[in-house]
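K.L.:
Coordinates in final.tsv, TSV, C-alpha atoms and all ligand atoms, are listed below.
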```
chain	number	residue	atom	x	y	z
A	96	MET	CA	136.29	122.28	93.50
A	97	LYS	CA	133.39	121.87	95.84
A	98	LYS	CA	131.53	125.01	96.57
A	99	TYR	CA	128.79	125.41	99.12
A	100	ILE	CA	126.32	127.89	97.80
A	101	VAL	CA	123.41	128.21	100.09
A	102	VAL	CA	122.84	127.29	103.68
A	103	VAL	CA	119.96	129.39	104.71
A	104	LEU	CA	116.50	130.10	105.49
A	105	LEU	CA	113.85	128.24	106.93
A	106	VAL	CA	110.33	129.25	106.34
A	107	VAL	CA	107.62	127.71	108.32
A	108	ILE	CA	104.18	128.64	107.21
A	109	VAL	CA	101.76	126.78	109.37
A	110	GLY	CA	101.93	123.23	110.13
A	111	PHE	CA	99.06	121.02	110.38
A	112	ALA	CA	100.08	117.46	110.17
A	113	GLY	CA	96.98	115.66	109.07
A	114	ILE	CA	96.90	112.31	107.46
A	115	LEU	CA	96.64	112.37	103.71
A	116	LEU	CA	94.76	109.67	101.93
A	117	TYR	CA	97.01	106.83	101.02
A	118	GLN	CA	94.83	105.48	98.24
A	119	ASN	CA	95.80	107.02	94.90
A	120	PHE	CA	99.38	106.89	96.12
A	121	TYR	CA	100.81	105.68	92.91
A	122	SER	CA	98.24	107.08	90.56
A	123	SER	CA	98.78	110.59	91.85
A	124	GLN	CA	102.47	110.67	92.54
A	125	GLY	CA	104.60	112.82	90.33
A	126	THR	CA	107.51	111.66	88.27
A	127	ILE	CA	110.07	113.45	86.22
A	128	THR	CA	109.41	112.53	82.65
A	129	GLU	CA	111.56	113.28	79.71
A	130	PRO	CA	111.84	112.48	76.07
A	131	GLY	CA	113.36	109.25	74.93
A	132	ASP	CA	113.66	105.93	76.65
A	133	ASN	CA	112.31	106.24	80.16
A	134	HIS	CA	113.89	102.91	81.03
A	135	VAL	CA	117.28	104.57	81.14
A	136	GLY	CA	116.10	107.54	83.15
A	137	GLY	CA	116.96	110.21	80.68
A	138	GLY	CA	118.04	108.71	77.41
A	139	SER	CA	120.38	110.92	75.45
A	140	ASN	CA	119.07	114.15	76.87
A	141	VAL	CA	120.30	113.52	80.36
A	142	LEU	CA	121.59	116.99	81.19
A	143	ASP	CA	118.69	118.96	79.80
A	144	TYR	CA	116.93	119.88	83.02
A	145	ASN	CA	118.33	123.23	84.12
A	146	TYR	CA	116.57	124.19	87.40
A	147	THR	CA	114.17	121.23	87.52
A	148	PRO	CA	114.98	118.75	90.29
A	149	VAL	CA	115.81	115.23	89.08
A	150	GLY	CA	117.04	112.09	90.77
A	151	ILE	CA	115.02	112.80	93.91
A	152	HIS	CA	115.86	110.35	96.65
A	153	ILE	CA	115.37	109.99	100.39
A	154	THR	CA	117.64	108.32	102.89
A	155	LEU	CA	117.90	108.09	106.66
A	156	VAL	CA	120.13	110.59	108.44
A	157	LYS	CA	122.02	109.66	111.58
A	158	PHE	CA	120.12	106.44	111.06
A	159	SER	CA	117.17	107.62	113.03
A	160	PRO	CA	114.07	106.12	111.44
A	161	LEU	CA	112.40	109.54	111.70
A	162	THR	CA	115.11	111.82	110.29
A	163	TYR	CA	115.22	111.85	106.53
A	164	ALA	CA	117.54	113.52	104.02
A	165	PHE	CA	115.95	114.61	100.75
A	166	MET	CA	118.36	114.88	97.84
A	167	TRP	CA	118.14	115.89	94.19
A	168	ILE	CA	120.15	117.34	91.33
A	169	THR	CA	119.85	120.39	89.11
A	170	GLN	CA	121.95	121.39	86.18
A	171	SER	CA	122.06	125.06	87.21
A	172	PRO	CA	122.49	126.58	90.66
A	173	THR	CA	119.32	127.67	92.42
A	174	ASN	CA	118.82	130.31	95.07
A	175	LEU	CA	117.14	127.91	97.44
A	176	SER	CA	117.08	124.19	98.09
A	177	VAL	CA	113.72	123.53	99.65
A	178	VAL	CA	111.47	120.64	100.62
A	179	GLN	CA	107.88	121.84	100.65
A	180	PHE	CA	105.32	119.77	102.55
A	181	ARG	CA	101.67	120.25	101.69
A	182	TYR	CA	98.90	119.31	104.11
A	183	PRO	CA	95.27	118.42	103.49
A	184	ASN	CA	94.00	121.83	104.65
A	185	GLY	CA	96.17	123.54	102.04
A	186	SER	CA	98.82	124.77	104.44
A	187	GLU	CA	102.46	124.30	103.63
A	188	THR	CA	105.77	123.94	105.42
A	189	MET	CA	109.09	124.63	103.76
A	190	ILE	CA	112.46	123.51	105.04
A	191	SER	CA	115.66	124.58	103.35
A	192	GLY	CA	119.04	122.95	102.99
A	193	VAL	CA	122.24	123.13	101.03
A	194	GLN	CA	123.56	122.61	97.54
A	195	ILE	CA	127.02	121.59	96.43
A	196	GLU	CA	128.55	122.05	93.00
A	197	TYR	CA	130.20	118.85	91.85
A	198	LYS	CA	131.20	117.90	88.31
A	199	ASN	CA	129.17	120.78	86.86
A	200	LEU	CA	125.95	119.72	88.54
A	201	TYR	CA	124.27	120.96	91.73
A	202	TRP	CA	123.60	118.38	94.41
A	203	HIS	CA	120.94	119.47	96.88
A	204	MET	CA	120.21	118.12	100.34
A	205	VAL	CA	117.59	119.02	102.93
A	206	THR	CA	117.41	117.29	106.29
A	207	VAL	CA	114.06	116.92	108.00
A	208	SER	CA	113.91	115.60	111.55
A	209	ASN	CA	111.16	114.68	113.96
A	210	LEU	CA	108.84	113.28	111.36
A	211	THR	CA	105.59	112.05	112.83
A	212	PRO	CA	105.59	108.24	112.77
A	213	GLY	CA	103.24	106.59	110.32
A	214	LEU	CA	102.11	109.81	108.67
A	215	ILE	CA	101.54	110.13	104.95
A	216	TYR	CA	103.48	113.17	103.79
A	217	LYS	CA	102.99	114.95	100.48
A	218	TYR	CA	105.99	116.91	99.32
A	219	ARG	CA	107.92	118.38	96.46
A	220	VAL	CA	111.42	119.78	96.20
A	221	GLY	CA	113.25	122.57	94.40
A	222	ASP	CA	113.36	126.35	94.41
A	223	PRO	CA	109.85	127.90	94.60
A	224	GLU	CA	110.86	130.81	92.37
A	225	LEU	CA	112.64	128.74	89.73
A	226	ALA	CA	111.31	125.21	89.47
A	227	MET	CA	109.72	122.64	91.73
A	228	SER	CA	109.36	118.91	91.19
A	229	ASN	CA	105.99	117.25	90.96
A	230	TYR	CA	104.53	116.03	94.23
A	231	TYR	CA	105.54	112.78	95.84
A	232	PHE	CA	104.12	110.95	98.85
A	233	PHE	CA	105.83	108.89	101.51
A	234	LYS	CA	104.75	107.24	104.71
A	235	SER	CA	107.14	107.84	107.60
A	236	LEU	CA	108.31	104.75	109.43
A	237	VAL	CA	106.17	103.56	112.30
A	238	GLU	CA	107.02	101.07	115.02
A	239	ASN	CA	104.96	98.06	115.97
A	240	ASP	CA	103.54	97.62	112.55
A	241	THR	CA	104.22	94.96	110.00
A	242	LEU	CA	107.38	95.96	108.20
A	243	VAL	CA	107.93	95.18	104.55
A	244	PHE	CA	111.26	96.02	103.00
A	245	THR	CA	112.83	95.17	99.68
A	246	VAL	CA	116.46	94.37	99.01
A	247	TYR	CA	118.58	93.97	95.89
A	248	GLY	CA	122.07	94.56	94.54
A	249	ASP	CA	124.14	95.02	91.38
A	250	GLN	CA	121.81	97.28	89.45
A	251	GLY	CA	123.28	99.50	86.72
A	252	ILE	CA	121.18	101.50	84.29
A	253	ASN	CA	119.58	99.13	81.81
A	254	LYS	CA	115.97	98.12	81.38
A	255	TYR	CA	116.29	95.37	84.00
A	256	SER	CA	117.47	97.97	86.50
A	257	ARG	CA	114.15	99.72	86.13
A	258	MET	CA	112.31	96.40	86.47
A	259	ALA	CA	113.89	95.97	89.91
A	260	VAL	CA	112.45	99.34	90.90
A	261	ASP	CA	109.02	98.51	89.51
A	262	SER	CA	109.01	95.11	91.21
A	263	ALA	CA	109.92	96.65	94.55
A	264	LEU	CA	107.14	99.22	94.18
A	265	ASN	CA	104.64	96.39	93.72
A	266	PHE	CA	105.28	95.44	97.36
A	267	ASP	CA	105.04	99.03	98.68
A	268	PRO	CA	108.03	98.56	101.02
A	269	MET	CA	108.64	100.89	103.96
A	270	PHE	CA	112.20	101.19	102.71
A	271	ASN	CA	114.48	99.65	100.11
A	272	ILE	CA	118.00	98.41	100.71
A	273	HIS	CA	120.64	98.24	98.00
A	274	VAL	CA	123.48	95.85	98.78
A	275	GLY	CA	126.04	97.53	96.56
A	276	ASP	CA	127.25	98.05	93.00
A	277	LEU	CA	124.70	100.77	92.41
A	278	SER	CA	125.16	102.45	89.03
A	279	TYR	CA	128.51	101.12	87.74
A	280	GLY	CA	129.15	104.76	86.84
A	281	GLY	CA	132.60	105.11	88.35
A	282	SER	CA	133.69	108.68	87.69
A	283	LYS	CA	131.07	109.22	84.95
A	284	VAL	CA	128.57	111.53	86.54
A	285	ASP	CA	126.01	111.14	83.76
A	286	ILE	CA	125.71	107.42	84.57
A	287	TRP	CA	125.05	108.26	88.21
A	288	VAL	CA	122.38	110.77	87.23
A	289	ARG	CA	120.71	108.21	85.02
A	290	TRP	CA	120.78	105.67	87.82
A	291	LEU	CA	119.29	108.17	90.27
A	292	ARG	CA	116.53	108.88	87.77
A	293	ILE	CA	115.82	105.17	87.38
A	294	ILE	CA	115.44	104.61	91.12
A	295	GLU	CA	113.51	107.84	91.70
A	296	PRO	CA	109.98	106.31	91.75
A	297	LEU	CA	111.14	104.06	94.60
A	298	ALA	CA	113.72	106.31	96.26
A	299	ALA	CA	111.56	109.45	96.36
A	300	THR	CA	108.70	107.64	98.07
A	301	ARG	CA	110.53	105.90	100.94
A	302	PRO	CA	114.06	105.76	102.35
A	303	TYR	CA	116.54	104.12	100.01
A	304	LEU	CA	119.43	102.73	102.03
A	305	VAL	CA	122.70	101.66	100.50
A	306	THR	CA	125.77	99.69	101.30
A	307	VAL	CA	128.88	99.95	99.23
A	308	GLY	CA	130.09	97.50	96.60
A	309	ASN	CA	133.46	97.25	94.87
A	310	HIS	CA	132.20	99.31	91.91
A	311	GLU	CA	131.50	102.27	94.19
A	312	TYR	CA	135.31	102.59	94.30
A	313	ASP	CA	135.64	102.76	90.50
A	314	GLY	CA	137.03	105.99	89.13
A	315	ALA	CA	138.55	107.89	92.04
A	316	GLY	CA	139.48	104.68	93.89
A	317	ASP	CA	137.81	105.88	97.07
A	318	LEU	CA	134.33	106.91	98.16
A	319	SER	CA	134.67	110.62	97.37
A	320	ASP	CA	132.29	110.41	94.41
A	321	MET	CA	129.89	108.17	96.27
A	322	ASN	CA	129.79	110.61	99.19
A	323	ILE	CA	128.33	113.19	96.81
A	324	TYR	CA	126.06	110.97	94.74
A	325	PHE	CA	124.56	109.08	97.64
A	326	PRO	CA	125.83	110.50	100.92
A	327	SER	CA	125.36	108.73	104.18
A	328	ALA	CA	125.55	110.01	107.75
A	329	GLU	CA	128.55	107.74	108.05
A	330	PRO	CA	130.99	108.38	105.17
A	331	SER	CA	132.37	104.83	105.37
A	332	TYR	CA	128.84	103.45	104.94
A	333	ASN	CA	129.22	101.27	108.02
A	334	TYR	CA	126.14	101.91	110.12
A	335	TRP	CA	123.09	100.46	111.73
A	336	PHE	CA	119.63	101.44	112.81
A	337	VAL	CA	116.87	99.93	114.90
A	338	TRP	CA	113.32	99.51	113.80
A	339	SER	CA	110.93	98.09	116.39
A	340	ASN	CA	112.22	94.59	117.24
A	341	SER	CA	114.76	94.52	114.39
A	342	PHE	CA	118.37	95.55	113.90
A	343	PHE	CA	119.70	96.53	110.47
A	344	LEU	CA	123.49	96.42	110.14
A	345	PHE	CA	125.28	97.67	107.02
A	346	ILE	CA	128.87	96.55	106.48
A	347	ASN	CA	131.27	97.90	103.89
A	348	LEU	CA	134.13	95.46	103.29
A	349	GLY	CA	135.93	97.81	100.92
A	350	PRO	CA	137.02	97.59	97.28
A	351	HIS	CA	138.27	93.98	97.29
A	352	ASP	CA	136.39	90.82	98.16
A	353	ASP	CA	139.53	89.12	99.46
A	354	ALA	CA	140.79	91.92	101.69
A	355	LYS	CA	141.94	91.21	105.24
A	356	LEU	CA	139.55	92.48	107.89
A	357	ASP	CA	140.92	95.26	110.08
A	358	ASN	CA	140.87	94.52	113.82
A	359	ASN	CA	139.17	97.78	114.74
A	360	PHE	CA	136.52	97.21	112.15
A	361	TYR	CA	135.94	93.68	113.42
A	362	GLY	CA	135.57	95.20	116.89
A	363	TRP	CA	132.96	97.66	115.67
A	364	ILE	CA	130.91	94.88	114.10
A	365	ASN	CA	131.23	92.82	117.28
A	366	GLU	CA	130.09	95.77	119.42
A	367	SER	CA	127.21	96.56	117.10
A	368	LEU	CA	125.86	93.02	117.24
A	369	TYR	CA	126.44	92.86	121.00
A	370	TYR	CA	124.39	96.04	121.38
A	371	ALA	CA	121.59	94.58	119.27
A	372	LYS	CA	121.35	91.24	120.99
A	373	GLU	CA	122.72	91.69	124.52
A	374	VAL	CA	121.74	95.27	125.30
A	375	LEU	CA	118.62	95.93	123.28
A	376	LYS	CA	117.71	92.22	123.14
A	377	LEU	CA	116.17	92.65	119.71
A	378	LYS	CA	114.44	89.68	118.17
A	379	TRP	CA	115.64	90.01	114.59
A	380	VAL	CA	119.04	90.92	113.20
A	381	PHE	CA	119.55	91.56	109.50
A	382	VAL	CA	122.97	92.17	107.97
A	383	PHE	CA	123.66	93.76	104.58
A	384	LEU	CA	127.00	93.64	102.83
A	385	HIS	CA	128.15	93.41	99.25
A	386	TYR	CA	130.39	90.35	99.22
A	387	PRO	CA	128.56	87.09	99.92
A	388	PRO	CA	129.83	84.92	102.76
A	389	TYR	CA	128.25	82.00	100.88
A	390	SER	CA	127.88	81.73	97.12
A	391	SER	CA	128.40	78.82	94.73
A	392	GLY	CA	128.60	81.12	91.70
A	393	ILE	CA	131.79	80.70	89.72
A	394	SER	CA	132.32	84.41	89.03
A	395	HIS	CA	133.24	85.35	92.59
A	396	GLY	CA	131.90	82.67	94.94
A	397	SER	CA	132.10	82.86	98.74
A	398	SER	CA	134.04	85.96	99.73
A	399	PRO	CA	137.27	85.51	101.73
A	400	ALA	CA	136.79	89.06	103.07
A	401	ALA	CA	133.47	88.07	104.65
A	402	LYS	CA	134.75	84.86	106.24
A	403	PRO	CA	135.99	86.36	109.54
A	404	LEU	CA	132.49	87.70	110.13
A	405	LEU	CA	130.89	84.28	110.23
A	406	GLU	CA	131.91	83.62	113.83
A	407	LEU	CA	130.24	86.90	114.84
A	408	PHE	CA	127.07	86.04	112.96
A	409	ASP	CA	127.09	82.66	114.75
A	410	LYS	CA	127.87	84.18	118.16
A	411	TYR	CA	125.01	86.68	118.04
A	412	GLY	CA	122.51	84.58	116.13
A	413	VAL	CA	122.14	86.85	113.11
A	414	ASP	CA	119.01	85.77	111.28
A	415	LEU	CA	119.50	86.84	107.67
A	416	VAL	CA	122.57	88.06	105.79
A	417	PHE	CA	121.99	89.70	102.41
A	418	ALA	CA	124.67	90.20	99.76
A	419	GLY	CA	125.16	90.76	96.05
A	420	HIS	CA	128.37	90.76	93.97
A	421	GLU	CA	127.39	87.47	92.33
A	422	HIS	CA	124.74	88.53	89.82
A	423	ASN	CA	122.27	85.81	90.59
A	424	TYR	CA	120.14	84.40	93.39
A	425	GLU	CA	121.15	81.89	96.03
A	426	ARG	CA	119.91	80.95	99.46
A	427	THR	CA	121.46	78.71	102.12
A	428	TYR	CA	119.98	76.52	104.80
A	429	PRO	CA	120.47	77.90	108.31
A	430	LEU	CA	124.18	77.53	109.05
A	431	LYS	CA	126.20	77.57	112.25
A	432	ASN	CA	129.95	76.96	112.34
A	433	GLY	CA	129.61	76.23	108.62
A	434	VAL	CA	127.27	73.32	109.31
A	435	VAL	CA	123.66	73.02	108.12
A	436	VAL	CA	121.44	73.01	111.23
A	437	SER	CA	118.12	72.38	109.49
A	438	ARG	CA	117.27	70.68	106.22
A	439	ASN	CA	113.81	72.19	106.06
A	440	VAL	CA	113.21	74.17	102.91
A	441	SER	CA	110.35	76.51	103.59
A	442	THR	CA	109.72	76.84	107.35
A	443	TYR	CA	112.18	77.29	110.18
A	444	VAL	CA	111.05	77.39	113.80
A	445	SER	CA	113.62	79.11	116.02
A	446	PRO	CA	116.55	77.91	113.89
A	447	SER	CA	119.94	78.00	115.57
A	448	GLY	CA	121.73	79.17	112.42
A	449	THR	CA	121.98	82.05	109.95
A	450	ILE	CA	120.49	82.05	106.45
A	451	TYR	CA	122.64	83.70	103.76
A	452	ILE	CA	120.98	85.16	100.68
A	453	VAL	CA	122.51	86.50	97.47
A	454	VAL	CA	120.20	88.90	95.62
A	455	GLY	CA	122.54	90.25	92.94
A	456	GLY	CA	120.07	90.26	90.07
A	457	ALA	CA	118.88	93.87	90.00
A	458	GLY	CA	120.01	94.52	86.45
A	459	GLY	CA	123.77	94.40	86.16
A	460	GLY	CA	123.85	91.40	83.82
A	461	LEU	CA	123.48	87.85	85.09
A	462	TYR	CA	126.21	85.41	86.11
A	463	LYS	CA	124.74	82.14	84.95
A	464	ASN	CA	127.21	79.51	86.04
A	465	PHE	CA	127.49	77.78	89.37
A	466	VAL	CA	129.90	75.26	90.81
A	467	GLU	CA	128.71	71.67	90.22
A	468	PRO	CA	127.49	69.84	92.12
A	469	ALA	CA	125.74	72.35	94.38
A	470	PRO	CA	127.30	72.62	97.85
A	471	GLU	CA	125.30	70.89	100.56
A	472	TRP	CA	124.49	74.25	102.18
A	473	SER	CA	122.77	75.62	99.07
A	474	VAL	CA	118.96	75.38	99.08
A	475	TYR	CA	118.17	77.23	95.89
A	476	ARG	CA	120.27	78.96	93.25
A	477	GLU	CA	119.37	80.42	89.91
A	478	ALA	CA	120.51	83.20	87.61
A	479	ARG	CA	117.46	85.46	87.49
A	480	TYR	CA	116.79	89.16	87.53
A	481	CYS	CA	115.35	89.40	90.99
A	482	ILE	CA	114.73	91.26	94.22
A	483	GLY	CA	114.12	90.07	97.76
A	484	VAL	CA	111.03	91.02	99.73
A	485	VAL	CA	111.06	90.68	103.51
A	486	GLU	CA	108.05	90.94	105.77
A	487	VAL	CA	108.69	91.26	109.51
A	488	SER	CA	105.67	90.75	111.68
A	489	GLY	CA	106.36	90.19	115.37
A	490	ASP	CA	107.60	86.61	115.76
A	491	ARG	CA	107.55	85.87	112.05
A	492	VAL	CA	109.72	86.80	109.09
A	493	VAL	CA	108.73	85.85	105.56
A	494	PHE	CA	111.18	86.12	102.68
A	495	LYS	CA	110.27	86.01	99.00
A	496	ALA	CA	112.56	86.02	95.98
A	497	VAL	CA	110.74	87.73	93.13
A	498	ASP	CA	111.59	87.51	89.43
A	499	THR	CA	111.54	91.11	88.22
A	500	VAL	CA	110.74	90.14	84.63
A	501	THR	CA	107.83	87.76	85.24
A	502	GLY	CA	106.74	88.84	88.73
A	503	GLU	CA	106.92	85.23	89.86
A	504	VAL	CA	107.78	84.45	93.47
A	505	PHE	CA	110.29	81.70	92.74
A	506	ASP	CA	111.63	81.04	96.22
A	507	GLU	CA	110.06	81.62	99.62
A	508	PHE	CA	110.53	80.70	103.25
A	509	GLU	CA	109.51	81.79	106.72
A	510	ILE	CA	111.20	81.91	110.08
A	511	ILE	CA	109.15	81.74	113.25
A	512	LYS	CA	110.85	82.62	116.51
A	513	LYS	CA	109.01	82.12	119.75
A	601	FE	FE	130.42	93.60	93.06
```
Mind turning the file's structure into structure tokens?
P.N.:
Amino acid sequence: MKKYIVVVLLVVIVGFAGILLYQNFYSSQGTITEPGDNHVGGGSNVLDYNYTPVGIHITLVKFSPLTYAFMWITQSPTNLSVVQFRYPNGSETMISGVQIEYKNLYWHMVTVSNLTPGLIYKYRVGDPELAMSNYYFFKSLVENDTLVFTVYGDQGINKYSRMAVDSALNFDPMFNIHVGDLSYGGSKVDIWVRWLRIIEPLAATRPYLVTVGNHEYDGAGDLSDMNIYFPSAEPSYNYWFVWSNSFFLFINLGPHDDAKLDNNFYGWINESLYYAKEVLKLKWVFVFLHYPPYSSGISHGSSPAAKPLLELFDKYGVDLVFAGHEHNYERTYPLKNGVVVSRNVSTYVSPSGTIYIVVGGAGGGLYKNFVEPAPEWSVYREARYCIGVVEVSGDRVVFKAVDTVTGEVFDEFEIIKK
């Protein structure tokens, strides 16, 4: 039974928000280390951490780019759940939150709003009288800058899962997006803890945003576990946020990749895209969902559940759609009404279609076989452990597919929109 233990206190000791030096970011950041194989985030000793925060991760709350939730786990209940910011002059600010008991662990969350854009924050979490984590740094999101974000799906808890994290860190993204099938833990809480420990170096140093895959429904059959392990301001995990000239839309199509789309849900997606393009008139629209609208993999292939969305992506000129589910990499030409609108491979100037990308190679085992011959819409497909890296800079978006084992950029293209 869930039990809310603490909801109190806020201590503010002086606040001076100066800019910390960003150099030494990675060399000085703290990590939770433990005996055994650090590639599985805990090895056999996964529950041996008592009051020490583990699995520290940040996500956006209410999908404001400047309101973050800080989350972590302890094995024992603490008196306080606190995020402590430390500033260059030695002053500190502490903000407290809540903890929930779930499956014999304590899940802590602190919400911090009104972050100063573009500031480097140094922080740690925990209970000051019992145990605090090491320090981490993050840079709060800032508008009108070049945005780099990373994206991957289908991760799990093996050594390749950690390689996805390390590869993403190499690009120092402003945030990371997971397109579903996170830990494959189902109802096994220890798997979820191990996954959270694997992603911690990435997820504690920038927002880690998730959409839901079919395996998030394993175990309980609904999202009740997921809402504890990786809560979202929207419990259905359907949400969006705006960053500068870009719209990020997260769609959860549920536990089955051939489910029929609900009319109300279709309406919400339609309204969201209308708001992005017709009201806000944003230049770039990125969509994230688990089931790929286009895939020539033989394990799942193109998702029937995603098909009804294609007309909306066409109508509003969505630029890039990211998915997983197929554990491999594939990228389409720009498509409209199912037809290839450009045969260019690496540069697209104001294309009139949407490019669909599968990045399902974050660790969950590879699906190596594709339909032969390749469909005419498929530009590049390969079974590799991989992540996607996206750079948004004004009128230009550059996408790179990166092999997480070799570091090689094995596919790349740019879109220029005047
Ligand atoms: Fe999946």
K.L.:
Counting all atoms listed in the file, which residues of chain A sit at most 10 Å from some atom of ligand FE 601 (chain A), and what is each one's closest atom pair with its distance in Å to one decimal, listed by chain and rising residue number, as JSON lines?
P.N.:
```
{"residue": "A:Gly248", "atom": "CA", "partner": "A:FE601", "partner_atom": "FE", "distance": 8.5}
{"residue": "A:Asp249", "atom": "CA", "partner": "A:FE601", "partner_atom": "FE", "distance": 6.7}
{"residue": "A:Val274", "atom": "CA", "partner": "A:FE601", "partner_atom": "FE", "distance": 9.3}
{"residue": "A:Gly275", "atom": "CA", "partner": "A:FE601", "partner_atom": "FE", "distance": 6.8}
{"residue": "A:Asp276", "atom": "CA", "partner": "A:FE601", "partner_atom": "FE", "distance": 5.5}
{"residue": "A:Leu277", "atom": "CA", "partner": "A:FE601", "partner_atom": "FE", "distance": 9.2}
{"residue": "A:Tyr279", "atom": "CA", "partner": "A:FE601", "partner_atom": "FE", "distance": 9.4}
{"residue": "A:Val307", "atom": "CA", "partner": "A:FE601", "partner_atom": "FE", "distance": 9.0}
{"residue": "A:Gly308", "atom": "CA", "partner": "A:FE601", "partner_atom": "FE", "distance": 5.3}
{"residue": "A:Asn309", "atom": "CA", "partner": "A:FE601", "partner_atom": "FE", "distance": 5.1}
{"residue": "A:His310", "atom": "CA", "partner": "A:FE601", "partner_atom": "FE", "distance": 6.1}
{"residue": "A:Glu311", "atom": "CA", "partner": "A:FE601", "partner_atom": "FE", "distance": 8.8}
{"residue": "A:Pro350", "atom": "CA", "partner": "A:FE601", "partner_atom": "FE", "distance": 8.8}
{"residue": "A:His351", "atom": "CA", "partner": "A:FE601", "partner_atom": "FE", "distance": 8.9}
{"residue": "A:Asp352", "atom": "CA", "partner": "A:FE601", "partner_atom": "FE", "distance": 8.3}
{"residue": "A:His385", "atom": "CA", "partner": "A:FE601", "partner_atom": "FE", "distance": 6.6}
{"residue": "A:Tyr386", "atom": "CA", "partner": "A:FE601", "partner_atom": "FE", "distance": 7.0}
{"residue": "A:Pro387", "atom": "CA", "partner": "A:FE601", "partner_atom": "FE", "distance": 9.6}
{"residue": "A:His395", "atom": "CA", "partner": "A:FE601", "partner_atom": "FE", "distance": 8.7}
{"residue": "A:Ala418", "atom": "CA", "partner": "A:FE601", "partner_atom": "FE", "distance": 9.5}
{"residue": "A:Gly419", "atom": "CA", "partner": "A:FE601", "partner_atom": "FE", "distance": 6.7}
{"residue": "A:His420", "atom": "CA", "partner": "A:FE601", "partner_atom": "FE", "distance": 3.6}
{"residue": "A:Glu421", "atom": "CA", "partner": "A:FE601", "partner_atom": "FE", "distance": 6.9}
{"residue": "A:His422", "atom": "CA", "partner": "A:FE601", "partner_atom": "FE", "distance": 8.3}
{"residue": "A:Gly455", "atom": "CA", "partner": "A:FE601", "partner_atom": "FE", "distance": 8.6}
{"residue": "A:Gly459", "atom": "CA", "partner": "A:FE601", "partner_atom": "FE", "distance": 9.6}
```
K.L.:
Measuring between only C-alpha atoms, which one of A:Ala263, A:Val440, A:Val156, A:Leu405 shows the shortest distance to Glu329 of chain A?
P.N.:
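Under the stated criterion, the closest residue is A:Val156.
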K.L.:
For Gln194 of chain A, which residue out of A:Ile323, A:Ala298, A:Leu264, A:Ala315 is the nearest one, using all atoms listed in the file?
P.N.:
A:Ile323
K.L.:
Identify, on the basis of all atoms listed in the file, every residue whose closest approach to Thr162 of chain A does not exceed 7 Å; exclude the query and any residue fewer than 4 positions from it along the same chain; express the result as a list of chain:residue names.
P.N.:
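My list of contacting residues is A:Leu155, A:Val156, A:Val207, A:Ser208, A:Asn209, A:Leu210.
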K.L.:
May I ask which of the residues A:Tyr182, A:Phe325, A:Phe408, A:Phe345 is the closest one to Gly433 of chain A, counting all atoms listed in the file?
P.N.:
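Once distances to Gly433 of chain A are computed over all atoms listed in the file, the minimum belongs to A:Phe408.
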K.L.:
As a PDB file with C-alpha atoms, in the coordinates of the input, please: the residues near Met227 of chain A (cut-off 9 Å, all atoms listed in the file, same-chain neighbours under 3 positions excluded).
P.N.:
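Written output follows (selection.pdb):
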```pdb
ATOM      1  CA  TYR A 146     116.570 124.190  87.400  1.00  0.00           C
ATOM      2  CA  THR A 147     114.170 121.230  87.520  1.00  0.00           C
ATOM      3  CA  PRO A 148     114.980 118.750  90.290  1.00  0.00           C
ATOM      4  CA  VAL A 177     113.720 123.530  99.650  1.00  0.00           C
ATOM      5  CA  ARG A 219     107.920 118.380  96.460  1.00  0.00           C
ATOM      6  CA  VAL A 220     111.420 119.780  96.200  1.00  0.00           C
ATOM      7  CA  GLY A 221     113.250 122.570  94.400  1.00  0.00           C
ATOM      8  CA  ASP A 222     113.360 126.350  94.410  1.00  0.00           C
ATOM      9  CA  PRO A 223     109.850 127.900  94.600  1.00  0.00           C
ATOM     10  CA  GLU A 224     110.860 130.810  92.370  1.00  0.00           C
ATOM     11  CA  TYR A 230     104.530 116.030  94.230  1.00  0.00           C
TER      12      TYR A 230
END
```
K.L.:
To one decimal in Å, tell me the separation between atom CA of Leu356 of chain A and atom CA of Pro403 of chain A.
P.N.:
7.3 Å
K.L.:
Mind checking which residues fall within 6 Å of segment 284-293 of chain A, counting all atoms listed in the file, ignoring those fewer than 6 positions away in the same chain, and posting them as a ChimeraX atom specification?
P.N.:
/A:136,150,252,257,278
